[in-house]
Amino acid sequence: MIRLLSALSAFAFLTACGETLLDEPPEDLGAFSARVTHVYTDKALQWPMSRAADHSEWTADIEKALDARLRRYQGDQEYDVAVTLEGFMLAPAGVPVLFSPKSAVVVNVFVYDVAAKTYLAKKHQLQVFEDTTGESAILGSGHARTKDEQIAGLALRIADEVEEWLAEEHEENGWFAPKAAPEPAVEG
């Protein structure tokens with residue numbers, strides 16, 4: 001029994017070390033600058049077994065996290081980023097260690113290139129799970145966190161996942177690569 005508790009404690013400590021933070025170092029997003037960030041939560045489905053939450057409880061937290069992550073980029077090219085919350089499950093209290101569900105959400109992300117007047121992504125879907133902390137690894141998220149803490153944690157994870165996905169697209173597909181300035185017209 002002591003070995004099991006020691007192993008669980010070590011696991012909890014290690015997972016807590018990987019928790020998402022609001023002020024993580026920025027990714028490489030090239031010439032990206034967020035002109036508009038928009039969050040839409042009105043049609044989100046609450047999945048079975050979830051703690052009850054109103055759609056409006058999500059909006060401010062997701063907007064705050066998305067703005068904190070994306071507004072720090074000061075590139076020369078403007079983009080609009082929208083996130084729609086499609087569904088969520090806020091983990092209820094379970095049976096510690098045996099049944100400790102994790103909270104999760106599904107979001108769609110839209111990215112619009114303002115200068116080119118075109119969408120880079122019309123509907124990219126992300127599945128996002130909450131971070132596991134030392135306490136929630138053993139007790140479960142439903143025991144260790146309030147509903148508001150779960151929503152705030154998921155909002156931060158959404159912003160983190162969006163930022164990392166944008167960085168991947170920049171690296172793999174050239175999104176946000178600096179565009180050449182237009183040549184001045186020559187009068188003759």
# chains A, B, ... in the order shown; residues from 1 in each chain; ligands from 1
$ residues_around --residues "A:Asp67" --least-positions-apart "3" --cutoff "10 Å" --atoms "only C-alpha atoms" --output "PDB file with C-alpha atoms, in the first residue's frame"
ATOM      1  CA  ALA A  34      -4.399  39.694 -33.834  1.00  0.00           C
ATOM      2  CA  VAL A  36      -9.896  40.685 -33.653  1.00  0.00           C
ATOM      3  CA  THR A  37     -10.382  37.744 -31.337  1.00  0.00           C
ATOM      4  CA  HIS A  38     -13.938  36.535 -30.985  1.00  0.00           C
ATOM      5  CA  ASP A  61     -12.643  33.311 -19.423  1.00  0.00           C
ATOM      6  CA  ILE A  62     -11.952  32.153 -22.989  1.00  0.00           C
ATOM      7  CA  GLU A  63     -11.738  35.768 -24.250  1.00  0.00           C
ATOM      8  CA  LYS A  64      -9.319  36.700 -21.464  1.00  0.00           C
ATOM      9  CA  LEU A  70      -2.590  36.210 -29.003  1.00  0.00           C
ATOM     10  CA  ARG A  71      -2.461  39.968 -28.401  1.00  0.00           C
ATOM     11  CA  ARG A  72       1.179  39.821 -27.342  1.00  0.00           C
ATOM     12  CA  ALA A 159      -5.833  29.474 -25.754  1.00  0.00           C
TER      13      ALA A 159
END
$ residues_around --residues "A:Met49" --least-positions-apart "5" --cutoff "8 Å" --atoms "only C-alpha atoms" --output "number ranges by chain"
A: 89, 91-92
$ residues_around --residues "A:Gln127" --least-positions-apart "5" --cutoff "7 Å" --atoms "only C-alpha atoms" --output "ChimeraX atom specification"
/A:105-107
$ residues_around --residues "A:Glu169" --least-positions-apart "6" --cutoff "12 Å" --atoms "only C-alpha atoms" --output "JSON, numbers by chain"
{"A": [27, 28, 29, 30, 32, 111, 120, 121, 124, 162, 163, 175, 176, 177]}
$ residues_around --residues "A:Leu90" --least-positions-apart "4" --cutoff "7 Å" --atoms "only C-alpha atoms" --output "PDB file with C-alpha atoms, in the first residue's frame"
ATOM      1  CA  SER A  50     -21.136  17.248 -16.779  1.00  0.00           C
ATOM      2  CA  ARG A  51     -21.526  19.738 -13.995  1.00  0.00           C
ATOM      3  CA  SER A 103     -13.001  17.955 -17.907  1.00  0.00           C
ATOM      4  CA  ALA A 104     -12.908  18.400 -21.672  1.00  0.00           C
ATOM      5  CA  GLN A 150     -12.429  24.087 -14.209  1.00  0.00           C
TER       6      GLN A 150
END
$ atom_distance --atom1 "atom CA of A:Glu171" --atom2 "atom CA of A:Ile158"
20.0 Å
$ residues_around --residues "A:Tyr79" --least-positions-apart "2" --cutoff "6 Å" --atoms "only C-alpha atoms" --output "mmCIF file with N, CA and C atoms, in the first residue's frame"
data_model
loop_
_atom_site.group_PDB
_atom_site.id
_atom_site.type_symbol
_atom_site.label_atom_id
_atom_site.label_comp_id
_atom_site.auth_asym_id
_atom_site.auth_seq_id
_atom_site.Cartn_x
_atom_site.Cartn_y
_atom_site.Cartn_z
ATOM 1 N N ALA A 34 -2.961 39.932 -33.961
ATOM 2 C CA ALA A 34 -4.399 39.694 -33.834
ATOM 3 C C ALA A 34 -5.154 41.019 -33.940
ATOM 4 N N ARG A 35 -5.954 41.156 -34.995
ATOM 5 C CA ARG A 35 -6.802 42.342 -35.126
ATOM 6 C C ARG A 35 -8.048 42.161 -34.269
ATOM 7 N N TYR A 112 -8.785 34.273 -40.118
ATOM 8 C CA TYR A 112 -9.040 35.099 -41.303
ATOM 9 C C TYR A 112 -7.872 36.034 -41.553
ATOM 10 N N ASP A 113 -7.336 35.999 -42.762
ATOM 11 C CA ASP A 113 -6.258 36.893 -43.184
ATOM 12 C C ASP A 113 -6.907 38.189 -43.660
ATOM 13 N N VAL A 114 -6.720 39.269 -42.918
ATOM 14 C CA VAL A 114 -7.390 40.538 -43.210
ATOM 15 C C VAL A 114 -6.940 41.113 -44.551
#
$ residues_around --residues "A:Gly75" --least-positions-apart "2" --cutoff "6 Å" --atoms "only C-alpha atoms" --output "PyMOL selection string"
chain A and resi 31-33+73+77
$ write_last_selection --atoms "C-alpha atoms" --output "PDB file, in the first residue's frame"
ATOM      1  CA  ALA A  31       4.319  38.456 -38.819  1.00  0.00           C
ATOM      2  CA  PHE A  32       1.103  37.594 -36.910  1.00  0.00           C
ATOM      3  CA  SER A  33      -0.891  40.295 -35.172  1.00  0.00           C
ATOM      4  CA  TYR A  73       2.254  39.254 -30.971  1.00  0.00           C
ATOM      5  CA  GLN A  77       0.038  41.454 -40.689  1.00  0.00           C
TER       6      GLN A  77
END
$ closest_residue --among "A:His170, A:His55, A:Arg69, A:Lys179" --to "A:Thr41" --atoms "only C-alpha atoms"
A:His55
$ closest_residue --among "A:Leu66, A:Leu166, A:Ala115, A:Val128" --to "A:Leu154" --atoms "only C-alpha atoms"
A:Val128
$ closest_residue --among "A:Ala180, A:Ala155, A:Ala116, A:Ala53" --to "A:Glu130" --atoms "only C-alpha atoms"
A:Ala155
$ closest_residue --among "A:Asp76, A:Ala68, A:Tyr119, A:Thr59" --to "A:Asp160" --atoms "only C-alpha atoms"
A:Ala68
$ decode --residues "stretch 104-135 of chain A" --atoms "N, CA and C atoms" --output "short mmCIF file (atom, residue, chain, number, x, y, z; two decimals), in the first residue's frame"
data_model
loop_
_atom_site.label_atom_id
_atom_site.label_comp_id
_atom_site.auth_asym_id
_atom_site.auth_seq_id
_atom_site.Cartn_x
_atom_site.Cartn_y
_atom_site.Cartn_z
N ALA A 104 -13.33 18.31 -20.27
CA ALA A 104 -12.91 18.40 -21.67
C ALA A 104 -13.85 19.31 -22.44
N VAL A 105 -13.34 19.87 -23.53
CA VAL A 105 -14.15 20.70 -24.43
C VAL A 105 -13.78 20.39 -25.87
N VAL A 106 -14.68 20.73 -26.76
CA VAL A 106 -14.39 20.72 -28.20
C VAL A 106 -14.67 22.13 -28.69
N VAL A 107 -13.70 22.68 -29.43
CA VAL A 107 -13.86 24.02 -30.00
C VAL A 107 -13.54 23.98 -31.49
N ASN A 108 -14.13 24.91 -32.22
CA ASN A 108 -13.76 25.13 -33.62
C ASN A 108 -13.02 26.46 -33.68
N VAL A 109 -11.97 26.52 -34.51
CA VAL A 109 -11.17 27.72 -34.64
C VAL A 109 -11.22 28.20 -36.08
N PHE A 110 -11.39 29.50 -36.25
CA PHE A 110 -11.44 30.14 -37.57
C PHE A 110 -10.35 31.20 -37.60
N VAL A 111 -9.58 31.24 -38.70
CA VAL A 111 -8.51 32.23 -38.84
C VAL A 111 -8.71 32.94 -40.18
N TYR A 112 -8.79 34.27 -40.12
CA TYR A 112 -9.04 35.10 -41.30
C TYR A 112 -7.87 36.03 -41.55
N ASP A 113 -7.34 36.00 -42.76
CA ASP A 113 -6.26 36.89 -43.18
C ASP A 113 -6.91 38.19 -43.66
N VAL A 114 -6.72 39.27 -42.92
CA VAL A 114 -7.39 40.54 -43.21
C VAL A 114 -6.94 41.11 -44.55
N ALA A 115 -5.64 41.16 -44.80
CA ALA A 115 -5.12 41.77 -46.04
C ALA A 115 -5.53 40.97 -47.28
N ALA A 116 -5.46 39.65 -47.20
CA ALA A 116 -5.81 38.81 -48.35
C ALA A 116 -7.31 38.58 -48.48
N LYS A 117 -8.06 38.96 -47.45
CA LYS A 117 -9.52 38.78 -47.42
C LYS A 117 -9.91 37.34 -47.70
N THR A 118 -9.25 36.43 -46.97
CA THR A 118 -9.52 35.01 -47.14
C THR A 118 -9.31 34.28 -45.82
N TYR A 119 -9.99 33.15 -45.69
CA TYR A 119 -9.82 32.31 -44.50
C TYR A 119 -8.61 31.40 -44.67
N LEU A 120 -7.78 31.35 -43.65
CA LEU A 120 -6.73 30.35 -43.60
C LEU A 120 -7.32 29.05 -43.05
N ALA A 121 -8.25 29.17 -42.14
CA ALA A 121 -8.95 28.01 -41.57
C ALA A 121 -10.40 28.41 -41.33
N LYS A 122 -11.31 27.65 -41.92
CA LYS A 122 -12.73 27.95 -41.73
C LYS A 122 -13.33 27.21 -40.56
N LYS A 123 -12.75 26.09 -40.20
CA LYS A 123 -13.33 25.33 -39.09
C LYS A 123 -12.37 24.22 -38.69
N HIS A 124 -11.35 24.58 -37.93
CA HIS A 124 -10.40 23.59 -37.44
C HIS A 124 -10.85 23.19 -36.04
N GLN A 125 -11.09 21.90 -35.83
CA GLN A 125 -11.60 21.44 -34.55
C GLN A 125 -10.47 20.97 -33.63
N LEU A 126 -10.57 21.39 -32.38
CA LEU A 126 -9.61 20.98 -31.35
C LEU A 126 -10.36 20.33 -30.20
N GLN A 127 -9.83 19.23 -29.70
CA GLN A 127 -10.32 18.60 -28.48
C GLN A 127 -9.33 18.94 -27.38
N VAL A 128 -9.83 19.53 -26.31
CA VAL A 128 -8.95 20.04 -25.27
C VAL A 128 -9.34 19.42 -23.93
N PHE A 129 -8.33 18.91 -23.23
CA PHE A 129 -8.54 18.33 -21.90
C PHE A 129 -7.86 19.20 -20.86
N GLU A 130 -8.44 19.22 -19.65
CA GLU A 130 -7.85 20.05 -18.60
C GLU A 130 -6.53 19.47 -18.13
N ASP A 131 -5.71 20.36 -17.57
CA ASP A 131 -4.44 19.93 -16.98
C ASP A 131 -4.73 19.10 -15.74
N THR A 132 -3.82 18.21 -15.44
CA THR A 132 -3.89 17.45 -14.20
C THR A 132 -2.91 18.07 -13.22
N THR A 133 -3.41 18.39 -12.06
CA THR A 133 -2.55 18.92 -11.01
C THR A 133 -2.30 17.80 -10.00
N GLY A 134 -1.41 18.02 -9.08
CA GLY A 134 -1.13 17.01 -8.07
C GLY A 134 -2.37 16.59 -7.31
N GLU A 135 -3.18 17.56 -6.95
CA GLU A 135 -4.38 17.27 -6.19
C GLU A 135 -5.44 16.58 -7.04
#
